[in-house]
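> Let me begin by handing over the structure; questions about it come next.
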Amino acid sequence: MNNNILRLKKNEIIRNMCVDTNFLQDQLIQPIFISQKVKDSNEIPGLQDNYVMSLDRAKKQIEKDLKSKCKNYLLFLVPEKKSQGNFNLDFHFSAIKSLKDSFSNDIFLWADVCLCSLTDHGHCCLYNNNNEINLDQTLLELSNMALAYVNAGIDGVSPSDMMDGRTKAIRNILDKNNHNFVPIMSYSTKFASNFYGPFRHAAESAPKFGNRKQYQLDYRNKNDALRASLRCANEGADLLMVKPGLYSLDLIDDIKKQTNMMVGAYQVSGEYSGLTLAAEKDLLNFNEALKESWYVMKRAGAQFIITYGARKAKELELFA
Ligand code: PBG
């Protein structure tokens, strides 16, 4: 075997010639937060260039993003009122409809399907009286939510709650209503992670009691991490995902091999804010570090990347 690594590093041309990891801008998905309560926009602490916005402001942001060819979005909606069930989805419906009326097929709009920004306790599920997860009721609310999104014109739905059966319940209700072509991008391997902090602040979705360990995965357990993605694959997901992305790189290949499906990675808020804060202290170059993090996820086999920096891709000059 040839042990010489240096010979192919002489200059940028030959280095580029030897690159074996590449990707397209449409493989980056930009999260976007719209709140019923926010008048204009509030920057999200730690997430450089990301805001919780009013609907109008979000449209202006998308117009701006489109100039940089950022077209693929994951939408998080934050309603004004929290309750215990029978959720009112008027705000969700009108926001999605308005976005799709404005941008039509210039954007691909995924929406996160979860109850945590709707419930008064901030959990992703409903509970019954003895504080057990009320799975039937939760699945009903989740599938109603997905249907409302699709009726409003969403392009794809993305369940993040981690309940058994949610992907199947959502697929069923969509198919029954003749929405056979709306894809489901499941948060299939999602850990109970410490790295969701900045997001929960933005989406007002921090649990008021306890934590999410009753339904999100234990990061000490690889078996369950794989089984959870198999669960979503078997239930009819179209795309799978690991989350937090950078802390789950070891799982991507195994999931792909076991399912023959595409597996994306969500570079979550805590991972992204680490770069932001280090750069603010001049400890690293933000854009270069961001670029590296994306290539590493692609190298590990991620098909797509959900990242708070997607709108910066052009600035990073990744795509000529
Ligand atoms: C909702 C949801 C969360 C994230 C995406 N969807 C928070 C959570 O599960 O607590 C986290 C995203 C991020 O941190 O960037 N369930």
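Going through the structure tokens in order, the chains are called A, B, and so on, while each chain numbers its residues from 1 and the ligands are numbered from 1 in the order shown.
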Need the shell around Leu89 (chain A): protein/DNA/RNA residues with any atom at most 12 Å away, counting only C-alpha atoms. Skip same-chain ones fewer than 2 positions apart. Format as a VMD selection string?
chain A and resid 36 77 to 83 85 to 87 91 to 96 113 115 117 to 118 141 to 142 144 to 149 151 to 152
> Return as a PDB file with N, CA, C and O atoms, in the first residue's frame every polymer residue, whether protein, DNA or RNA, with at least one atom no more than 7 Å from an atom of ligand 1; count only C-alpha atoms and all ligand atoms.

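And here is the file that came out, pocket.pdb:
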ATOM      1  N   ASP A 112     -42.614  20.785  11.433  1.00  0.00           N
ATOM      2  CA  ASP A 112     -42.444  19.939  12.606  1.00  0.00           C
ATOM      3  C   ASP A 112     -43.819  19.606  13.184  1.00  0.00           C
ATOM      4  O   ASP A 112     -44.650  20.482  13.378  1.00  0.00           O
ATOM      5  N   CYS A 114     -45.431  18.188  16.434  1.00  0.00           N
ATOM      6  CA  CYS A 114     -45.198  17.824  17.834  1.00  0.00           C
ATOM      7  C   CYS A 114     -46.146  18.649  18.697  1.00  0.00           C
ATOM      8  O   CYS A 114     -46.634  19.684  18.259  1.00  0.00           O
ATOM      9  N   CYS A 116     -45.306  19.803  21.826  1.00  0.00           N
ATOM     10  CA  CYS A 116     -44.645  20.470  22.961  1.00  0.00           C
ATOM     11  C   CYS A 116     -44.818  21.986  22.990  1.00  0.00           C
ATOM     12  O   CYS A 116     -44.729  22.584  24.053  1.00  0.00           O
ATOM     13  N   CYS A 124     -44.210  16.538  24.851  1.00  0.00           N
ATOM     14  CA  CYS A 124     -44.556  16.240  23.464  1.00  0.00           C
ATOM     15  C   CYS A 124     -45.781  15.330  23.367  1.00  0.00           C
ATOM     16  O   CYS A 124     -46.117  14.851  22.282  1.00  0.00           O
ATOM     17  N   SER A 160     -41.715  14.870  15.430  1.00  0.00           N
ATOM     18  CA  SER A 160     -40.526  14.900  16.293  1.00  0.00           C
ATOM     19  C   SER A 160     -40.827  14.448  17.712  1.00  0.00           C
ATOM     20  O   SER A 160     -39.990  14.554  18.596  1.00  0.00           O
ATOM     21  N   ASP A 161     -42.023  13.922  17.934  1.00  0.00           N
ATOM     22  CA  ASP A 161     -42.473  13.642  19.306  1.00  0.00           C
ATOM     23  C   ASP A 161     -41.927  12.345  19.897  1.00  0.00           C
ATOM     24  O   ASP A 161     -41.873  12.188  21.103  1.00  0.00           O
ATOM     25  N   PHE A 195     -28.639  19.088  24.246  1.00  0.00           N
ATOM     26  CA  PHE A 195     -28.264  20.088  23.252  1.00  0.00           C
ATOM     27  C   PHE A 195     -29.448  20.779  22.578  1.00  0.00           C
ATOM     28  O   PHE A 195     -29.297  21.368  21.519  1.00  0.00           O
ATOM     29  N   TYR A 196     -30.630  20.681  23.183  1.00  0.00           N
ATOM     30  CA  TYR A 196     -31.800  21.340  22.598  1.00  0.00           C
ATOM     31  C   TYR A 196     -32.140  22.677  23.285  1.00  0.00           C
ATOM     32  O   TYR A 196     -33.193  23.258  23.021  1.00  0.00           O
ATOM     33  N   GLY A 197     -31.267  23.119  24.162  1.00  0.00           N
ATOM     34  CA  GLY A 197     -31.562  24.292  24.987  1.00  0.00           C
ATOM     35  C   GLY A 197     -32.004  25.531  24.225  1.00  0.00           C
ATOM     36  O   GLY A 197     -33.102  26.056  24.457  1.00  0.00           O
ATOM     37  N   PRO A 198     -31.198  26.055  23.294  1.00  0.00           N
ATOM     38  CA  PRO A 198     -31.589  27.293  22.601  1.00  0.00           C
ATOM     39  C   PRO A 198     -32.901  27.142  21.846  1.00  0.00           C
ATOM     40  O   PRO A 198     -33.709  28.069  21.777  1.00  0.00           O
ATOM     41  N   PHE A 199     -33.151  25.966  21.301  1.00  0.00           N
ATOM     42  CA  PHE A 199     -34.404  25.718  20.585  1.00  0.00           C
ATOM     43  C   PHE A 199     -35.599  25.844  21.522  1.00  0.00           C
ATOM     44  O   PHE A 199     -36.602  26.478  21.200  1.00  0.00           O
ATOM     45  N   ARG A 200     -35.493  25.219  22.681  1.00  0.00           N
ATOM     46  CA  ARG A 200     -36.661  25.208  23.586  1.00  0.00           C
ATOM     47  C   ARG A 200     -36.997  26.608  24.047  1.00  0.00           C
ATOM     48  O   ARG A 200     -38.154  26.940  24.268  1.00  0.00           O
ATOM     49  N   SER A 205     -40.836  25.502  24.405  1.00  0.00           N
ATOM     50  CA  SER A 205     -41.267  24.111  24.512  1.00  0.00           C
ATOM     51  C   SER A 205     -40.525  23.341  25.601  1.00  0.00           C
ATOM     52  O   SER A 205     -40.509  22.116  25.583  1.00  0.00           O
ATOM     53  N   ALA A 206     -39.917  24.048  26.547  1.00  0.00           N
ATOM     54  CA  ALA A 206     -39.240  23.327  27.628  1.00  0.00           C
ATOM     55  C   ALA A 206     -40.287  22.686  28.532  1.00  0.00           C
ATOM     56  O   ALA A 206     -41.305  23.306  28.851  1.00  0.00           O
ATOM     57  N   GLN A 267     -28.386  19.120  12.818  1.00  0.00           N
ATOM     58  CA  GLN A 267     -27.391  19.825  13.641  1.00  0.00           C
ATOM     59  C   GLN A 267     -28.178  20.721  14.596  1.00  0.00           C
ATOM     60  O   GLN A 267     -28.653  21.778  14.201  1.00  0.00           O
ATOM     61  N   VAL A 268     -28.340  20.282  15.826  1.00  0.00           N
ATOM     62  CA  VAL A 268     -29.327  20.931  16.692  1.00  0.00           C
ATOM     63  C   VAL A 268     -28.806  22.232  17.288  1.00  0.00           C
ATOM     64  O   VAL A 268     -27.626  22.579  17.181  1.00  0.00           O
ATOM     65  N   SER A 269     -29.727  22.921  17.947  1.00  0.00           N
ATOM     66  CA  SER A 269     -29.439  24.270  18.418  1.00  0.00           C
ATOM     67  C   SER A 269     -28.218  24.336  19.327  1.00  0.00           C
ATOM     68  O   SER A 269     -27.403  25.250  19.215  1.00  0.00           O
ATOM     69  N   GLY A 270     -28.070  23.347  20.206  1.00  0.00           N
ATOM     70  CA  GLY A 270     -26.922  23.382  21.128  1.00  0.00           C
ATOM     71  C   GLY A 270     -25.601  23.157  20.405  1.00  0.00           C
ATOM     72  O   GLY A 270     -24.570  23.713  20.782  1.00  0.00           O
TER      73      GLY A 270
END
> For each of A:Leu284, A:Ala310, A:Ala233, A:Leu275, take the minimum atom-to-atom distance to Leu74 (chain A), counting only C-alpha atoms, then give the residue where this is smallest.
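Looking at the shortest contact to Leu74 (chain A), the residue is A:Ala310.
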> Quick one: residues within 12 Å of Lys222 (chain A), only C-alpha atoms counted, chain neighbours fewer than 2 positions away excluded, as a VMD selection string?
chain A and resid 189 to 191 217 to 220 224 to 229 248 to 252 254 to 255
> Any chance you can output those residues with N, CA, C and O atoms as a CSV table (one decimal), in the first residue's frame?

chain,number,residue,atom,x,y,z
A,189,THR,N,-34.4,8.7,15.0
A,189,THR,CA,-33.5,8.4,16.1
A,189,THR,C,-33.2,9.8,16.8
A,189,THR,O,-32.3,10.5,16.4
A,190,LYS,N,-34.0,10.0,17.8
A,190,LYS,CA,-33.9,11.3,18.5
A,190,LYS,C,-33.6,11.1,20.0
A,190,LYS,O,-34.4,10.4,20.7
A,191,PHE,N,-32.5,11.6,20.5
A,191,PHE,CA,-32.1,11.3,21.8
A,191,PHE,C,-32.7,12.4,22.8
A,191,PHE,O,-32.9,13.5,22.4
A,217,LEU,N,-34.7,9.0,23.3
A,217,LEU,CA,-33.8,7.9,23.5
A,217,LEU,C,-32.7,8.2,24.5
A,217,LEU,O,-32.3,9.3,24.7
A,218,ASP,N,-32.2,7.1,25.1
A,218,ASP,CA,-31.1,7.2,26.0
A,218,ASP,C,-29.8,7.1,25.2
A,218,ASP,O,-29.6,6.2,24.5
A,219,TYR,N,-29.0,8.2,25.4
A,219,TYR,CA,-27.8,8.2,24.5
A,219,TYR,C,-26.8,7.1,24.9
A,219,TYR,O,-25.7,7.0,24.2
A,220,ARG,N,-27.0,6.4,25.9
A,220,ARG,CA,-26.1,5.3,26.3
A,220,ARG,C,-26.4,4.0,25.6
A,220,ARG,O,-25.8,3.0,25.7
A,224,ASP,N,-31.4,0.6,21.0
A,224,ASP,CA,-32.7,1.3,20.9
A,224,ASP,C,-32.6,2.4,19.8
A,224,ASP,O,-33.6,2.7,19.2
A,225,ALA,N,-31.4,3.0,19.7
A,225,ALA,CA,-31.2,4.1,18.7
A,225,ALA,C,-31.5,3.5,17.3
A,225,ALA,O,-32.1,4.2,16.5
A,226,LEU,N,-31.0,2.3,17.1
A,226,LEU,CA,-31.2,1.7,15.8
A,226,LEU,C,-32.7,1.3,15.6
A,226,LEU,O,-33.3,1.5,14.6
A,227,ARG,N,-33.2,0.7,16.7
A,227,ARG,CA,-34.6,0.2,16.6
A,227,ARG,C,-35.6,1.3,16.4
A,227,ARG,O,-36.6,1.1,15.8
A,228,ALA,N,-35.3,2.5,17.0
A,228,ALA,CA,-36.2,3.6,16.8
A,228,ALA,C,-36.3,4.0,15.3
A,228,ALA,O,-37.4,4.3,14.8
A,229,SER,N,-35.2,4.0,14.6
A,229,SER,CA,-35.3,4.3,13.2
A,229,SER,C,-36.0,3.2,12.4
A,229,SER,O,-36.7,3.5,11.5
A,248,SER,N,-24.4,11.9,16.7
A,248,SER,CA,-25.0,10.7,16.4
A,248,SER,C,-24.4,10.1,15.1
A,248,SER,O,-25.0,9.3,14.4
A,249,LEU,N,-23.2,10.6,14.7
A,249,LEU,CA,-22.6,10.3,13.4
A,249,LEU,C,-22.4,8.8,13.3
A,249,LEU,O,-22.5,8.2,12.3
A,250,ASP,N,-22.1,8.1,14.5
A,250,ASP,CA,-21.8,6.7,14.5
A,250,ASP,C,-23.0,5.8,14.1
A,250,ASP,O,-22.8,4.7,13.7
A,251,LEU,N,-24.2,6.4,14.1
A,251,LEU,CA,-25.4,5.6,13.8
A,251,LEU,C,-25.9,5.6,12.4
A,251,LEU,O,-26.6,4.8,11.9
A,252,ILE,N,-25.4,6.7,11.6
A,252,ILE,CA,-26.0,6.9,10.3
A,252,ILE,C,-25.9,5.7,9.4
A,252,ILE,O,-26.8,5.2,8.8
A,254,ASP,N,-25.2,2.5,10.0
A,254,ASP,CA,-25.9,1.3,10.4
A,254,ASP,C,-27.4,1.5,10.1
A,254,ASP,O,-28.0,0.5,9.6
A,255,ILE,N,-28.0,2.6,10.3
A,255,ILE,CA,-29.4,2.8,10.0
A,255,ILE,C,-29.6,2.6,8.5
A,255,ILE,O,-30.6,2.0,8.0
> Can you list, as a ChimeraX atom specification, all residues belonging to region 247-292 of chain A that DSSP tags as helix (DSSP H, G or I)?
/A:247-259,269-280,286-292
> Could those selected residues go to a file with C-alpha atoms, as a tab-separated table (two decimals), in the first residue's frame?

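Saved to part_22.tsv:
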chain	number	residue	atom	x	y	z
A	247	TYR	CA	-23.43	13.49	18.32
A	248	SER	CA	-25.03	10.66	16.35
A	249	LEU	CA	-22.64	10.25	13.45
A	250	ASP	CA	-21.81	6.69	14.49
A	251	LEU	CA	-25.40	5.61	13.82
A	252	ILE	CA	-26.03	6.91	10.32
A	253	ASP	CA	-24.35	4.13	8.38
A	254	ASP	CA	-25.90	1.35	10.44
A	255	ILE	CA	-29.39	2.79	10.00
A	256	LYS	CA	-28.86	3.13	6.25
A	257	LYS	CA	-27.65	-0.45	5.96
A	258	GLN	CA	-30.53	-1.83	8.00
A	259	THR	CA	-33.27	0.09	6.23
A	269	SER	CA	-29.44	24.27	18.42
A	270	GLY	CA	-26.92	23.38	21.13
A	271	GLU	CA	-24.43	22.14	18.55
A	272	TYR	CA	-24.84	25.24	16.43
A	273	SER	CA	-24.71	27.66	19.35
A	274	GLY	CA	-21.39	26.13	20.42
A	275	LEU	CA	-19.91	27.45	17.18
A	276	THR	CA	-21.64	30.82	17.55
A	277	LEU	CA	-20.37	31.39	21.06
A	278	ALA	CA	-16.83	30.20	20.36
A	279	ALA	CA	-16.69	32.55	17.37
A	280	GLU	CA	-17.98	35.45	19.46
A	286	PHE	CA	-17.49	30.65	12.41
A	287	ASN	CA	-18.01	30.11	8.69
A	288	GLU	CA	-15.08	27.75	8.35
A	289	ALA	CA	-16.14	25.74	11.39
A	290	LEU	CA	-19.72	25.56	10.11
A	291	LYS	CA	-18.53	24.33	6.74
A	292	GLU	CA	-16.41	21.67	8.42
> List every residue of region 94-284 of chain A that DSSP, applied to the backbone of this structure, assigns to strand (DSSP E or B), and report them as a PyMOL selection string.
chain A and resi 108-113+119+127+133+156-159+184-185+189-191+217+239-243+263-266
> Would you mind telling me which residue in A:Phe304, A:Ile29, A:His201, A:Tyr127 lies nearest to Leu47 (chain A) when using only C-alpha atoms?
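Among the listed residues, A:His201 lies closest to Leu47 (chain A).
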> For a quick check of understanding, using only C-alpha atoms, which of A:Lys312, A:Lys60, A:Lys69, A:Arg299 has the smallest distance to Thr21 (chain A)?
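Ranked by minimum distance to Thr21 (chain A), first place goes to A:Arg299.
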> To one decimal place, how far is CA of Cys70 (chain A) from CA of Tyr187 (chain A) in Å?
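These two atoms are separated by 21.7 Å.
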> Name all residues at most 7 Å from Thr167 (chain A) (count only C-alpha atoms; drop same-chain ones fewer than 4 positions away) and give them as a list in words.
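Listing them by chain and then by number gives Arg171, Cys232, Glu235, Gly236 and Ala237 of chain A.
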> Put those residues in a file: C-alpha atoms, as a PDB file, in the first residue's frame.

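The result, stored in part23.pdb:
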ATOM      1  CA  ARG A 171     -49.509   8.072   7.195  1.00  0.00           C
ATOM      2  CA  CYS A 232     -40.257   4.642  11.771  1.00  0.00           C
ATOM      3  CA  GLU A 235     -44.369   2.534  10.020  1.00  0.00           C
ATOM      4  CA  GLY A 236     -43.976   4.174   6.637  1.00  0.00           C
ATOM      5  CA  ALA A 237     -41.547   7.068   7.016  1.00  0.00           C
TER       6      ALA A 237
END
> Find, counting only C-alpha atoms, the residue in A:Asp26, A:Asp175, A:Asp90, A:Asp282 that gets nearest to Leu109 (chain A).
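That would be A:Asp26, the residue with the smallest distance to Leu109 (chain A).
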> Counting only C-alpha atoms, what is within 9 Å of Gly165 (chain A), bar same-chain residues fewer than 4 positions away, as a ChimeraX atom specification?
/A:135,139,169-170,231-232,235
> Would you save the residues from that selection as a PDB file, in the first residue's frame, using all heavy atoms?

ATOM      1  N   LEU A 135     -51.283   7.533  25.018  1.00  0.00           N
ATOM      2  CA  LEU A 135     -50.780   7.348  23.656  1.00  0.00           C
ATOM      3  C   LEU A 135     -51.879   7.535  22.605  1.00  0.00           C
ATOM      4  O   LEU A 135     -51.673   8.228  21.610  1.00  0.00           O
ATOM      5  CB  LEU A 135     -50.127   5.967  23.525  1.00  0.00           C
ATOM      6  CG  LEU A 135     -49.339   5.719  22.249  1.00  0.00           C
ATOM      7  CD1 LEU A 135     -48.238   6.746  22.039  1.00  0.00           C
ATOM      8  CD2 LEU A 135     -48.747   4.312  22.241  1.00  0.00           C
ATOM      9  N   LEU A 139     -51.654  10.324  19.723  1.00  0.00           N
ATOM     10  CA  LEU A 139     -51.573   9.997  18.299  1.00  0.00           C
ATOM     11  C   LEU A 139     -52.693  10.680  17.517  1.00  0.00           C
ATOM     12  O   LEU A 139     -52.491  11.122  16.379  1.00  0.00           O
ATOM     13  CB  LEU A 139     -51.629   8.475  18.083  1.00  0.00           C
ATOM     14  CG  LEU A 139     -50.439   7.684  18.638  1.00  0.00           C
ATOM     15  CD1 LEU A 139     -50.591   6.198  18.325  1.00  0.00           C
ATOM     16  CD2 LEU A 139     -49.114   8.197  18.092  1.00  0.00           C
ATOM     17  N   ALA A 169     -49.760   6.434  12.290  1.00  0.00           N
ATOM     18  CA  ALA A 169     -51.023   7.165  12.447  1.00  0.00           C
ATOM     19  C   ALA A 169     -51.090   8.323  11.448  1.00  0.00           C
ATOM     20  O   ALA A 169     -52.137   8.581  10.837  1.00  0.00           O
ATOM     21  CB  ALA A 169     -51.154   7.677  13.883  1.00  0.00           C
ATOM     22  N   ILE A 170     -49.972   9.004  11.289  1.00  0.00           N
ATOM     23  CA  ILE A 170     -49.954  10.146  10.367  1.00  0.00           C
ATOM     24  C   ILE A 170     -50.123   9.669   8.921  1.00  0.00           C
ATOM     25  O   ILE A 170     -50.908  10.215   8.147  1.00  0.00           O
ATOM     26  CB  ILE A 170     -48.666  10.973  10.553  1.00  0.00           C
ATOM     27  CG1 ILE A 170     -48.703  11.679  11.919  1.00  0.00           C
ATOM     28  CG2 ILE A 170     -48.490  11.979   9.430  1.00  0.00           C
ATOM     29  CD1 ILE A 170     -47.414  12.367  12.316  1.00  0.00           C
ATOM     30  N   ARG A 231     -38.281   1.340  13.586  1.00  0.00           N
ATOM     31  CA  ARG A 231     -39.699   1.539  13.900  1.00  0.00           C
ATOM     32  C   ARG A 231     -40.328   2.509  12.898  1.00  0.00           C
ATOM     33  O   ARG A 231     -41.366   2.209  12.300  1.00  0.00           O
ATOM     34  CB  ARG A 231     -39.815   2.099  15.333  1.00  0.00           C
ATOM     35  CG  ARG A 231     -41.193   2.564  15.737  1.00  0.00           C
ATOM     36  CD  ARG A 231     -41.217   3.156  17.150  1.00  0.00           C
ATOM     37  NE  ARG A 231     -40.637   4.498  17.209  1.00  0.00           N
ATOM     38  CZ  ARG A 231     -40.620   5.262  18.304  1.00  0.00           C
ATOM     39  NH1 ARG A 231     -41.114   4.807  19.435  1.00  0.00           N
ATOM     40  NH2 ARG A 231     -40.082   6.459  18.280  1.00  0.00           N
ATOM     41  N   CYS A 232     -39.679   3.657  12.695  1.00  0.00           N
ATOM     42  CA  CYS A 232     -40.257   4.642  11.771  1.00  0.00           C
ATOM     43  C   CYS A 232     -40.239   4.145  10.337  1.00  0.00           C
ATOM     44  O   CYS A 232     -41.169   4.412   9.568  1.00  0.00           O
ATOM     45  CB  CYS A 232     -39.495   5.964  11.870  1.00  0.00           C
ATOM     46  SG  CYS A 232     -39.853   6.824  13.381  1.00  0.00           S
ATOM     47  N   GLU A 235     -43.070   1.853   9.941  1.00  0.00           N
ATOM     48  CA  GLU A 235     -44.369   2.534  10.020  1.00  0.00           C
ATOM     49  C   GLU A 235     -44.659   3.388   8.799  1.00  0.00           C
ATOM     50  O   GLU A 235     -45.702   4.017   8.706  1.00  0.00           O
ATOM     51  CB  GLU A 235     -44.423   3.409  11.281  1.00  0.00           C
ATOM     52  CG  GLU A 235     -44.545   2.603  12.564  1.00  0.00           C
ATOM     53  CD  GLU A 235     -44.723   3.500  13.781  1.00  0.00           C
ATOM     54  OE1 GLU A 235     -45.143   4.662  13.618  1.00  0.00           O
ATOM     55  OE2 GLU A 235     -44.446   3.040  14.893  1.00  0.00           O
TER      56      GLU A 235
END
> Which residue, A:Ile5, A:Val157, A:Ile107, A:Leu75, has the smallest gap to Cys18 (chain A) when you use only C-alpha atoms?
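Of all the options, A:Ile5 lies closest to Cys18 (chain A).
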> Could you pull the residues within 9 Å of Gln27 (chain A), counting only C-alpha atoms, minus those fewer than 6 positions along the same chain, as a list in words?
Asn72, Gln303, Phe304, Ile305 and Ile306 of chain A
> Which residues, written as an NGL selection string, have at least one atom at most 10 Å from Asp40 (chain A), with only C-alpha atoms counted and residues fewer than 2 positions away on the same chain left out?
:A and (35 or 37-38 or 42 or 51-58)
